[in-house]
>>> print(open('structure02.txt').read())   # compact mmCIF, C-alpha atoms and all ligand atoms
# COMPACT_ATOMS: atom_id res chain seq x y z
CA MET J 1 -3.65 6.01 28.22
CA LEU J 2 -2.28 6.06 31.76
CA ALA J 3 -2.91 9.31 33.63
CA SER J 4 -4.22 10.91 30.47
CA ARG J 5 -7.83 11.26 31.53
CA ARG J 6 -7.42 14.31 33.69
CA ARG J 7 -4.40 16.49 33.25
CA SER J 8 -3.89 19.78 35.00
CA CYS J 9 -1.37 22.21 33.61
CA GLN J 10 1.11 24.02 35.82
CA LEU J 11 1.80 27.52 34.45
CA ARG J 12 4.61 29.70 35.73
CA GLN J 13 4.11 33.43 35.36
CA GLY J 14 7.13 35.36 36.60
CA THR J 15 7.59 34.39 40.22
CA ARG J 16 3.92 33.42 40.69
CA SER J 17 2.70 29.95 39.88
CA SER J 18 -0.91 29.03 39.25
CA THR J 19 -2.74 25.89 38.22
CA VAL J 20 -5.09 25.77 35.27
CA HIS J 21 -7.36 22.80 35.83
CA TYR J 22 -8.73 22.58 32.32
CA ASN J 23 -6.59 23.29 29.32
CA ALA J 24 -7.54 21.12 26.35
CA ALA J 25 -4.52 22.19 24.31
CA ALA J 26 -2.13 20.82 26.95
CA MET J 27 -3.93 17.51 27.45
CA ASP J 28 -3.04 14.03 26.30
CA VAL J 29 -6.47 13.26 24.89
CA PRO J 30 -7.21 9.52 24.97
CA ALA J 31 -7.60 7.82 21.59
CA ALA J 32 -11.08 6.70 20.51
CA CYS J 33 -12.12 3.42 22.14
CA ASP J 34 -13.39 0.28 20.44
CA SER J 35 -15.94 -0.15 23.23
CA ILE J 36 -16.61 1.08 26.75
CA LEU J 37 -14.52 -1.87 28.01
CA ASP J 38 -11.39 -0.03 26.90
CA THR J 39 -12.08 2.60 29.56
CA ILE J 40 -11.66 0.13 32.45
CA GLY J 41 -8.53 0.71 34.56
CA SER J 42 -5.83 3.41 34.23
CA THR J 43 -7.53 5.29 37.05
CA PRO J 44 -6.15 8.55 38.48
CA LEU J 45 -3.84 8.57 41.49
CA VAL J 46 -4.85 11.49 43.68
CA ARG J 47 -2.92 13.15 46.53
CA ILE J 48 -4.94 13.39 49.76
CA ARG J 49 -4.05 16.73 51.30
CA ARG J 50 -6.61 18.34 53.57
CA MET J 51 -7.48 15.23 55.57
CA CYS J 52 -3.84 14.59 56.47
CA SER J 53 -2.41 16.70 59.27
CA GLU J 54 1.07 15.14 59.07
CA PRO J 55 3.22 17.43 56.88
CA ARG J 56 5.85 14.73 56.23
CA VAL J 57 3.38 12.02 55.18
CA VAL J 58 2.36 11.77 51.53
CA ILE J 59 -0.92 9.94 50.95
CA HIS J 60 -1.94 8.84 47.46
CA ALA J 61 -5.22 7.13 46.54
CA LYS J 62 -6.19 5.24 43.38
CA VAL J 63 -9.67 6.59 42.75
CA GLU J 64 -11.47 3.57 41.29
CA GLY J 65 -14.75 5.46 40.93
CA PHE J 66 -13.31 6.57 37.57
CA ASN J 67 -14.05 3.15 36.09
CA PRO J 68 -17.07 3.34 33.74
CA MET J 69 -19.57 1.84 36.20
CA GLY J 70 -17.78 3.34 39.18
CA SER J 71 -15.84 0.55 40.87
CA VAL J 72 -12.59 -1.40 41.03
CA LYS J 73 -14.45 -4.64 40.33
CA GLU J 74 -14.81 -3.90 36.62
CA ARG J 75 -11.11 -4.69 36.33
CA ILE J 76 -11.60 -8.26 37.57
CA ALA J 77 -14.86 -8.80 35.67
CA LEU J 78 -13.11 -8.03 32.37
CA ARG J 79 -9.95 -9.98 33.19
CA ILE J 80 -11.78 -13.11 34.40
CA VAL J 81 -14.07 -13.17 31.35
CA GLU J 82 -11.29 -12.61 28.81
CA GLU J 83 -8.96 -15.19 30.38
CA ALA J 84 -11.81 -17.74 30.40
CA GLU J 85 -12.56 -16.96 26.74
CA ARG J 86 -8.90 -17.39 25.88
CA ARG J 87 -8.77 -20.79 27.62
CA GLY J 88 -12.00 -21.88 25.92
CA GLU J 89 -13.85 -22.31 29.25
CA LEU J 90 -16.33 -19.56 28.34
CA ARG J 91 -18.05 -19.95 24.98
CA PRO J 92 -20.76 -18.01 23.12
CA GLY J 93 -24.22 -18.90 24.43
CA MET J 94 -23.05 -19.48 28.02
CA THR J 95 -24.34 -17.39 30.93
CA LEU J 96 -22.05 -15.59 33.40
CA LEU J 97 -23.01 -16.63 36.96
CA GLU J 98 -21.65 -15.01 40.13
CA SER J 99 -22.52 -14.14 43.71
CA SER J 100 -21.96 -10.45 44.39
CA SER J 101 -22.79 -7.65 46.77
CA GLY J 102 -23.15 -5.51 43.68
CA ASN J 103 -19.92 -4.18 42.27
CA THR J 104 -18.59 -7.39 40.69
CA GLY J 105 -22.08 -8.12 39.46
CA ILE J 106 -22.29 -4.69 37.84
CA GLY J 107 -18.85 -5.18 36.27
CA LEU J 108 -19.97 -8.53 34.85
CA ALA J 109 -23.25 -7.06 33.62
CA LEU J 110 -21.24 -4.39 31.78
CA VAL J 111 -18.88 -6.93 30.21
CA GLY J 112 -21.79 -9.27 29.41
CA ALA J 113 -23.74 -6.47 27.72
CA VAL J 114 -20.83 -5.57 25.44
CA LYS J 115 -19.79 -9.16 24.66
CA GLY J 116 -23.30 -10.61 24.43
CA TYR J 117 -23.38 -12.97 27.42
CA PRO J 118 -26.48 -13.20 29.65
CA VAL J 119 -25.59 -12.52 33.31
CA VAL J 120 -27.15 -13.99 36.48
CA ILE J 121 -26.15 -12.57 39.90
CA THR J 122 -27.03 -14.13 43.26
CA MET J 123 -27.18 -11.56 46.03
CA ALA J 124 -28.23 -10.85 49.61
CA GLN J 125 -31.47 -8.89 49.97
CA LYS J 126 -29.79 -6.17 52.05
CA VAL J 127 -27.76 -4.92 49.05
CA SER J 128 -28.62 -1.28 48.24
CA VAL J 129 -31.45 -0.58 45.80
CA GLU J 130 -29.21 1.40 43.44
CA ARG J 131 -27.05 -1.66 42.83
CA ARG J 132 -30.07 -3.75 41.94
CA GLN J 133 -31.39 -1.07 39.58
CA ILE J 134 -28.05 -0.68 37.83
CA LEU J 135 -27.76 -4.44 37.39
CA ARG J 136 -31.20 -4.57 35.81
CA ALA J 137 -30.44 -1.53 33.61
CA LEU J 138 -27.49 -3.50 32.19
CA GLY J 139 -29.74 -6.50 31.58
CA ALA J 140 -28.59 -8.79 34.42
CA GLU J 141 -30.96 -11.15 36.24
CA ILE J 142 -30.83 -11.17 40.06
CA VAL J 143 -31.54 -14.23 42.24
CA PHE J 144 -31.89 -13.28 45.92
CA THR J 145 -30.86 -15.29 48.97
CA SER J 146 -33.23 -15.76 51.93
CA LYS J 147 -34.17 -12.61 53.86
CA ASP J 148 -31.25 -12.61 56.31
CA GLY J 149 -28.80 -14.35 53.98
CA GLY J 150 -25.37 -12.77 53.62
CA SER J 151 -22.59 -13.02 51.04
CA ASP J 152 -21.71 -16.62 52.04
CA GLU J 153 -25.29 -17.74 51.32
CA ALA J 154 -25.20 -15.97 47.93
CA TRP J 155 -21.89 -17.77 47.20
CA ASP J 156 -23.43 -21.20 48.05
CA LEU J 157 -26.52 -20.41 45.96
CA ALA J 158 -24.40 -19.67 42.89
CA ASP J 159 -22.42 -22.89 43.47
CA ARG J 160 -25.66 -24.91 43.59
CA MET J 161 -27.02 -23.27 40.42
CA HIS J 162 -23.78 -24.02 38.62
CA ALA J 163 -23.74 -27.64 39.81
CA GLY J 164 -27.30 -27.99 38.49
CA ASP J 165 -26.36 -26.89 34.94
CA PRO J 166 -22.57 -26.65 34.43
CA ARG J 167 -22.84 -26.46 30.63
CA LYS J 168 -25.10 -23.42 30.74
CA TYR J 169 -23.25 -21.40 33.36
CA PHE J 170 -19.73 -20.05 33.51
CA ARG J 171 -19.09 -19.76 37.26
CA VAL J 172 -16.98 -16.60 37.65
CA GLY J 173 -15.78 -17.48 41.18
CA GLN J 174 -14.20 -14.21 42.28
CA TYR J 175 -13.28 -15.68 45.70
CA VAL J 176 -11.30 -18.56 44.18
CA ASN J 177 -10.30 -17.41 40.70
CA PRO J 178 -6.57 -16.49 40.34
CA ASP J 179 -7.49 -14.11 37.49
CA ASN J 180 -9.00 -11.84 40.15
CA VAL J 181 -5.52 -11.52 41.69
CA ARG J 182 -3.86 -11.26 38.26
CA ALA J 183 -5.96 -8.23 37.30
CA HIS J 184 -4.42 -6.32 40.21
CA TYR J 185 -0.94 -7.85 40.02
CA GLU J 186 -0.46 -6.90 36.37
CA GLY J 187 -2.85 -3.95 36.25
CA THR J 188 -3.61 -1.89 39.36
CA ALA J 189 -0.22 -2.44 41.02
CA GLU J 190 1.79 -1.59 37.90
CA GLU J 191 -0.24 1.57 37.33
CA ALA J 192 0.32 2.69 40.93
CA TRP J 193 4.05 1.92 40.75
CA ARG J 194 4.42 4.10 37.67
CA GLN J 195 2.18 6.85 39.00
CA THR J 196 4.10 7.14 42.28
CA GLY J 197 7.51 6.75 40.66
CA GLY J 198 7.99 3.78 43.01
CA ARG J 199 7.70 5.88 46.17
CA ILE J 200 5.48 3.62 48.31
CA ASP J 201 6.41 2.70 51.91
CA TRP J 202 2.99 1.57 53.11
CA LEU J 203 0.11 -0.09 51.25
CA VAL J 204 -3.26 0.07 53.03
CA LEU J 205 -6.17 -1.89 51.47
CA THR J 206 -9.59 -3.23 52.45
CA LEU J 207 -10.57 -6.91 52.21
CA GLY J 208 -13.54 -8.32 50.30
CA THR J 209 -12.55 -11.12 47.94
CA CYS J 210 -8.96 -10.12 48.85
CA GLY J 211 -8.03 -9.90 45.15
CA THR J 212 -6.96 -6.25 45.30
CA LEU J 213 -4.73 -6.79 48.33
CA VAL J 214 -3.11 -10.04 47.20
CA GLY J 215 -2.45 -8.81 43.65
CA MET J 216 -1.14 -5.38 44.61
CA ALA J 217 0.82 -6.46 47.68
CA ARG J 218 2.49 -9.35 45.85
CA ARG J 219 3.62 -7.18 42.92
CA LEU J 220 4.66 -4.17 44.99
CA LYS J 221 6.58 -6.29 47.52
CA GLU J 222 8.50 -7.83 44.62
CA ARG J 223 9.44 -4.29 43.62
CA ASN J 224 10.15 -3.02 47.16
CA GLU J 225 10.84 -5.66 49.78
CA ARG J 226 10.64 -3.09 52.59
CA LEU J 227 7.00 -2.27 51.75
CA ARG J 228 4.63 -2.66 54.74
CA VAL J 229 1.14 -3.97 53.97
CA VAL J 230 -1.89 -3.26 56.15
CA SER J 231 -5.18 -5.12 55.58
CA VAL J 232 -8.37 -3.45 56.75
CA GLU J 233 -11.55 -5.29 57.75
CA PRO J 234 -14.91 -4.03 58.93
CA GLN J 235 -16.21 -4.76 62.44
CA THR J 236 -18.34 -7.88 62.92
CA LYS J 237 -22.02 -7.53 61.87
CA HIS J 238 -21.04 -4.58 59.73
CA ALA J 239 -22.77 -2.50 57.05
CA GLN J 240 -19.69 -1.94 54.85
CA GLN J 241 -20.91 -3.36 51.53
CA GLY J 242 -18.35 -5.40 49.61
CA LEU J 243 -16.09 -6.00 52.65
CA ARG J 244 -15.68 -9.08 54.85
CA ASN J 245 -14.79 -9.48 58.48
CA MET J 246 -12.66 -12.59 58.29
CA SER J 247 -13.60 -13.87 61.75
CA GLU J 248 -17.31 -14.09 60.86
CA SER J 249 -17.13 -14.78 57.09
CA ARG J 250 -15.30 -17.43 55.08
CA VAL J 251 -11.74 -16.47 54.16
CA PRO J 252 -11.52 -16.47 50.33
CA GLU J 253 -9.30 -19.16 48.84
CA ILE J 254 -7.19 -16.55 47.02
CA MET J 255 -6.16 -14.82 50.29
CA ASP J 256 -2.46 -14.98 51.19
CA TRP J 257 -1.89 -13.80 54.76
CA SER J 258 1.89 -14.01 54.37
CA LEU J 259 1.69 -10.72 52.44
CA VAL J 260 0.08 -8.88 55.37
CA ASP J 261 2.26 -7.18 58.00
CA GLU J 262 -0.54 -5.70 60.05
CA ARG J 263 -4.34 -6.08 60.38
CA MET J 264 -6.77 -3.32 61.33
CA THR J 265 -10.52 -3.27 62.01
CA VAL J 266 -12.74 -0.23 61.39
CA THR J 267 -16.24 0.39 62.79
CA ASP J 268 -19.19 1.39 60.59
CA GLU J 269 -19.35 4.75 62.33
CA ASP J 270 -15.69 5.60 61.63
CA ALA J 271 -15.99 4.36 58.04
CA CYS J 272 -19.07 6.48 57.30
CA ARG J 273 -17.70 9.60 59.00
CA THR J 274 -14.46 9.33 57.05
CA ALA J 275 -16.27 8.75 53.73
CA ARG J 276 -18.23 11.97 54.36
CA GLU J 277 -14.98 13.81 55.09
CA LEU J 278 -13.51 12.54 51.82
CA ALA J 279 -16.35 14.31 49.99
CA LEU J 280 -16.24 17.47 52.09
CA LYS J 281 -12.48 17.97 52.31
CA GLU J 282 -11.07 16.29 49.21
CA GLY J 283 -14.05 16.45 46.84
CA ILE J 284 -13.96 12.67 46.41
CA PHE J 285 -17.49 11.25 46.48
CA ALA J 286 -16.98 7.59 47.35
CA GLY J 287 -18.57 4.55 48.99
CA ILE J 288 -18.33 3.31 52.58
CA SER J 289 -15.31 1.07 52.02
CA SER J 290 -13.34 4.13 50.86
CA GLY J 291 -14.05 5.59 54.30
CA THR J 292 -12.85 2.33 55.84
CA ALA J 293 -9.58 2.48 53.90
CA MET J 294 -9.01 6.17 54.56
CA PHE J 295 -9.69 5.84 58.32
CA ALA J 296 -6.93 3.22 58.53
CA VAL J 297 -4.60 5.33 56.36
CA LEU J 298 -4.97 8.35 58.65
CA ALA J 299 -4.25 6.21 61.73
CA ILE J 300 -1.05 4.92 60.08
CA ALA J 301 -0.10 8.48 59.02
CA ARG J 302 -0.35 9.73 62.61
CA ARG J 303 1.77 6.83 63.81
CA ILE J 304 4.61 6.99 61.27
CA GLY J 305 4.91 10.79 61.01
CA THR J 306 6.88 10.49 57.77
CA GLY J 307 6.61 8.33 54.62
CA HIS J 308 4.55 7.55 51.51
CA ILE J 309 1.23 5.73 51.89
CA LEU J 310 -0.74 4.24 49.00
CA THR J 311 -4.39 3.25 49.27
CA LEU J 312 -7.27 2.53 46.91
CA LEU J 313 -10.79 3.95 47.06
CA PRO J 314 -12.91 1.10 45.65
CA ASP J 315 -16.08 2.82 44.41
CA ARG J 316 -18.13 5.97 43.80
CA GLY J 317 -20.77 7.30 46.17
CA GLU J 318 -23.90 7.23 43.99
CA LYS J 319 -24.72 3.62 44.86
CA TYR J 320 -25.11 4.59 48.52
CA LEU J 321 -27.61 7.43 48.16
CA SER J 322 -30.47 5.26 49.49
CA THR J 323 -28.45 4.41 52.61
CA SER J 324 -27.71 6.65 55.58
CA LEU J 325 -24.12 7.27 54.40
CA TYR J 326 -24.80 10.72 52.96
CA PRO J 327 -27.15 13.31 54.48
CA ARG J 328 -30.49 13.76 52.73
CA GLY J 329 -31.46 17.22 53.99
CA ALA J 330 -35.03 18.48 54.13
CA ASP J 331 -37.45 17.67 51.30
CA PRO J 332 -39.28 20.64 49.70
CA SER J 333 -42.59 21.22 51.48
C1 LIG J 401 -17.13 -1.41 47.59
C2 LIG J 401 -16.04 -2.42 47.71
N1 LIG J 401 -14.96 -2.11 48.40
C3 LIG J 401 -13.95 -2.99 48.55
C4 LIG J 401 -13.99 -4.24 48.01
C5 LIG J 401 -12.85 -5.19 48.26
O1 LIG J 401 -12.08 -5.52 47.15
P1 LIG J 401 -11.55 -7.01 46.98
O2 LIG J 401 -12.73 -7.84 46.62
O3 LIG J 401 -10.57 -6.94 45.86
O4 LIG J 401 -10.96 -7.44 48.27
C6 LIG J 401 -15.12 -4.60 47.28
C7 LIG J 401 -15.25 -5.94 46.73
O5 LIG J 401 -16.31 -6.35 46.30
C8 LIG J 401 -16.17 -3.65 47.12
O6 LIG J 401 -17.29 -3.96 46.43
>>> encode(input="structure02.txt", output="structure tokens")
Amino acid sequence: MLASRRRSCQLRQGTRSSTVHYNAAAMDVPAACDSILDTIGSTPLVRIRRMCSEPRVVIHAKVEGFNPMGSVKERIALRIVEEAERRGELRPGMTLLESSSGNTGIGLALVGAVKGYPVVITMAQKVSVERRQILRALGAEIVFTSKDGGSDEAWDLADRMHAGDPRKYFRVGQYVNPDNVRAHYEGTAEEAWRQTGGRIDWLVLTLGTCGTLVGMARRLKERNERLRVVSVEPQTKHAQQGLRNMSESRVPEIMDWSLVDERMTVTDEDACRTARELALKEGIFAGISSGTAMFAVLAIARRIGTGHILTLLPDRGEKYLSTSLYPRGADPS
């Protein structure tokens, strides 16, 4: 199904060439799915053109907003659940339990809804209202941390709940579970390798659980040992939901710093401004962490002047409409 979701058709007419952006007859139409879970992954790889002023730099982005609930985390939710089922650690009647700033929780709620598992998510109160509403729409229960609690407090809360009733709960453990990394090693990285035809010199990715970076960097460095990997963190005391500044938050157990050649930090202001530019110049409506990734990508592009850069835009913009990320404009009087 790879790259079959959106297919534009290049038509040559004499010496003129034009692009028809919708031509059903020329499309590879995806086969019917058994369930919505079959639509997770195989996301489009999109060339970033107008934001890049370096003519000899090619920037490609995996647009993860194309996943059914709009984020990269559905990949790991499905993989973790299905591997645990296969090993017999997750059995019918058990409840999926995880701490999440929203996207992993939403992915688990989706998987739980289709497979029939109740889902409980522990989360910080500052998480955007859209994420809470979506979780509830999919039938998940939310347990909040204390008022100022962050993602580490939500993590500890889920650990305590699991310790209190280990037979009831399957603790998903995205920060420690190797199946998080595996989802990207076997899935996201392989897709990107095929979609780029192996032309990747730089890989620039944000850090949350670190699963995307570790899985993709490990696989792509095996395929190209000259690949340079840049990890991108938010500033301290940041508002970039889903990301972690590793000097103020716990470093996830699955992180492998030996894969990282360079570290960058991006401020909230730069992240938000760049996310808005992604919408205005590229038509990609994404979340704050996509702005974080793209800000770092553009800095690398200016520095190298030539080469192929791959990044990943983790989620869609709708979940941020209650925040100050996107302008609201005047209400009707
Ligand atoms: C919006 C968003 N961006 C980026 C990330 C980082 O991805 P990873 O957890 O694989 O490091 C996350 C993780 O939750 C996220 O929710």
>>> residues_near_point(input="structure02.txt", point="(-15.7, 7.1, 57.7)", cutoff="9 Å", atoms="all atoms listed in the file", output="PyMOL selection string")
chain J and resi 266-278+288-295
>>> atom_distance(input="structure02.txt", atom1="CA of Ile134 (chain J)", atom2="CA of Ala77 (chain J)")
15.6 Å
>>> closest_residue(input="structure02.txt", among="J:Ser53, J:Val63, J:Gly41, J:Asp165", to="Ala299 (chain J)", atoms="all atoms listed in the file")
J:Ser53
>>> residues_near_ligand(input="structure02.txt", ligand="ligand LIG 401 (chain J)", cutoff="6 Å", atoms="only C-alpha atoms and all ligand atoms", output="VMD selection string")
chain J and resid 103 206 to 212 241 to 243 289 314 to 315
>>> closest_residue(input="structure02.txt", among="J:Asn177, J:Gln240, J:Ser258, J:Thr265", to="Ala217 (chain J)", atoms="all atoms listed in the file")
J:Ser258
>>> closest_residue(input="structure02.txt", among="J:Lys62, J:His21, J:His238, J:Arg47", to="Met216 (chain J)", atoms="all atoms listed in the file")
J:Lys62
>>> atom_distance(input="structure02.txt", atom1="CA of Thr311 (chain J)", atom2="CA of Val29 (chain J)")
26.4 Å
>>> atom_distance(input="structure02.txt", atom1="CA of Ile59 (chain J)", atom2="CA of Asn23 (chain J)")
26.0 Å
>>> residues_near_point(input="structure02.txt", point="(-35.5, -7.2, 55.5)", cutoff="9 Å", atoms="all atoms listed in the file", output="PyMOL selection string")
chain J and resi 125-126+147-148
>>> axis_aligned_box(input="structure02.txt", around="region 164-183 of chain J", padding_each_side="5 Å", output="AutoDock Vina command-line options")
--center_x -15.6 --center_y -18.1 --center_z 38.2 --size_x 33.4 --size_y 29.8 --size_z 25.1
>>> decode(input="structure02.txt", residues="region 140-217 of chain J", atoms="C-alpha atoms", output="PDB file, in the first residue's frame")
ATOM      1  CA  ALA J 140     -10.498   5.890  27.108  1.00  0.00           C
ATOM      2  CA  GLU J 141     -10.479   6.849  30.792  1.00  0.00           C
ATOM      3  CA  ILE J 142      -8.111   9.654  31.860  1.00  0.00           C
ATOM      4  CA  VAL J 143      -6.427   9.875  35.283  1.00  0.00           C
ATOM      5  CA  PHE J 144      -4.788  13.284  35.828  1.00  0.00           C
ATOM      6  CA  THR J 145      -1.599  14.082  37.735  1.00  0.00           C
ATOM      7  CA  SER J 146      -1.475  16.924  40.278  1.00  0.00           C
ATOM      8  CA  LYS J 147      -1.981  20.448  38.898  1.00  0.00           C
ATOM      9  CA  ASP J 148       1.646  21.189  38.019  1.00  0.00           C
ATOM     10  CA  GLY J 149       2.627  17.577  37.341  1.00  0.00           C
ATOM     11  CA  GLY J 150       4.497  16.880  34.114  1.00  0.00           C
ATOM     12  CA  SER J 151       5.113  13.775  32.025  1.00  0.00           C
ATOM     13  CA  ASP J 152       7.450  12.224  34.643  1.00  0.00           C
ATOM     14  CA  GLU J 153       4.684  12.417  37.282  1.00  0.00           C
ATOM     15  CA  ALA J 154       2.209  10.807  34.837  1.00  0.00           C
ATOM     16  CA  TRP J 155       4.794   8.040  34.221  1.00  0.00           C
ATOM     17  CA  ASP J 156       5.173   7.374  37.992  1.00  0.00           C
ATOM     18  CA  LEU J 157       1.391   7.400  38.455  1.00  0.00           C
ATOM     19  CA  ALA J 158       0.928   4.713  35.802  1.00  0.00           C
ATOM     20  CA  ASP J 159       3.722   2.641  37.406  1.00  0.00           C
ATOM     21  CA  ARG J 160       1.979   2.852  40.801  1.00  0.00           C
ATOM     22  CA  MET J 161      -1.409   1.875  39.333  1.00  0.00           C
ATOM     23  CA  HIS J 162       0.170  -1.102  37.601  1.00  0.00           C
ATOM     24  CA  ALA J 163       1.996  -2.197  40.761  1.00  0.00           C
ATOM     25  CA  GLY J 164      -1.343  -2.044  42.602  1.00  0.00           C
ATOM     26  CA  ASP J 165      -3.081  -4.454  40.180  1.00  0.00           C
ATOM     27  CA  PRO J 166      -0.626  -6.122  37.752  1.00  0.00           C
ATOM     28  CA  ARG J 167      -3.140  -8.763  36.627  1.00  0.00           C
ATOM     29  CA  LYS J 168      -5.675  -6.175  35.525  1.00  0.00           C
ATOM     30  CA  TYR J 169      -3.344  -3.794  33.708  1.00  0.00           C
ATOM     31  CA  PHE J 170      -1.030  -4.267  30.763  1.00  0.00           C
ATOM     32  CA  ARG J 171       1.584  -1.541  31.295  1.00  0.00           C
ATOM     33  CA  VAL J 172       2.435  -0.315  27.781  1.00  0.00           C
ATOM     34  CA  GLY J 173       5.689   1.400  28.852  1.00  0.00           C
ATOM     35  CA  GLN J 174       6.538   3.418  25.756  1.00  0.00           C
ATOM     36  CA  TYR J 175       9.703   4.829  27.408  1.00  0.00           C
ATOM     37  CA  VAL J 176      11.144   1.378  28.119  1.00  0.00           C
ATOM     38  CA  ASN J 177       9.477  -0.974  25.643  1.00  0.00           C
ATOM     39  CA  PRO J 178      11.771  -2.135  22.770  1.00  0.00           C
ATOM     40  CA  ASP J 179       8.684  -2.627  20.572  1.00  0.00           C
ATOM     41  CA  ASN J 180       8.449   1.173  20.418  1.00  0.00           C
ATOM     42  CA  VAL J 181      11.867   1.199  18.702  1.00  0.00           C
ATOM     43  CA  ARG J 182      10.993  -1.853  16.573  1.00  0.00           C
ATOM     44  CA  ALA J 183       7.939  -0.122  15.080  1.00  0.00           C
ATOM     45  CA  HIS J 184      10.246   2.525  13.601  1.00  0.00           C
ATOM     46  CA  TYR J 185      13.194   0.236  12.831  1.00  0.00           C
ATOM     47  CA  GLU J 186      11.098  -2.154  10.742  1.00  0.00           C
ATOM     48  CA  GLY J 187       8.352   0.265   9.715  1.00  0.00           C
ATOM     49  CA  THR J 188       9.012   4.000   9.447  1.00  0.00           C
ATOM     50  CA  ALA J 189      12.700   3.676   8.503  1.00  0.00           C
ATOM     51  CA  GLU J 190      12.090   1.051   5.814  1.00  0.00           C
ATOM     52  CA  GLU J 191       9.285   3.114   4.291  1.00  0.00           C
ATOM     53  CA  ALA J 192      11.505   6.212   4.170  1.00  0.00           C
ATOM     54  CA  TRP J 193      14.414   4.260   2.665  1.00  0.00           C
ATOM     55  CA  ARG J 194      12.204   2.999  -0.148  1.00  0.00           C
ATOM     56  CA  GLN J 195      10.486   6.343  -0.676  1.00  0.00           C
ATOM     57  CA  THR J 196      13.783   8.237  -0.985  1.00  0.00           C
ATOM     58  CA  GLY J 197      15.487   5.538  -3.035  1.00  0.00           C
ATOM     59  CA  GLY J 198      18.138   5.489  -0.282  1.00  0.00           C
ATOM     60  CA  ARG J 199      19.163   9.113  -0.830  1.00  0.00           C
ATOM     61  CA  ILE J 200      19.453  10.310   2.790  1.00  0.00           C
ATOM     62  CA  ASP J 201      22.560  12.160   4.057  1.00  0.00           C
ATOM     63  CA  TRP J 202      21.055  13.723   7.178  1.00  0.00           C
ATOM     64  CA  LEU J 203      18.298  12.494   9.508  1.00  0.00           C
ATOM     65  CA  VAL J 204      16.792  15.178  11.764  1.00  0.00           C
ATOM     66  CA  LEU J 205      14.286  14.033  14.427  1.00  0.00           C
ATOM     67  CA  THR J 206      12.723  15.312  17.647  1.00  0.00           C
ATOM     68  CA  LEU J 207      12.946  13.486  20.984  1.00  0.00           C
ATOM     69  CA  GLY J 208      10.023  12.395  23.155  1.00  0.00           C
ATOM     70  CA  THR J 209      10.200   8.729  24.101  1.00  0.00           C
ATOM     71  CA  CYS J 210      13.124   8.607  21.621  1.00  0.00           C
ATOM     72  CA  GLY J 211      11.556   5.610  19.838  1.00  0.00           C
ATOM     73  CA  THR J 212      11.349   7.325  16.442  1.00  0.00           C
ATOM     74  CA  LEU J 213      14.968   8.462  16.541  1.00  0.00           C
ATOM     75  CA  VAL J 214      16.486   5.231  17.855  1.00  0.00           C
ATOM     76  CA  GLY J 215      14.503   2.994  15.483  1.00  0.00           C
ATOM     77  CA  MET J 216      15.019   5.101  12.370  1.00  0.00           C
ATOM     78  CA  ALA J 217      18.633   6.072  13.041  1.00  0.00           C
TER      79      ALA J 217
END
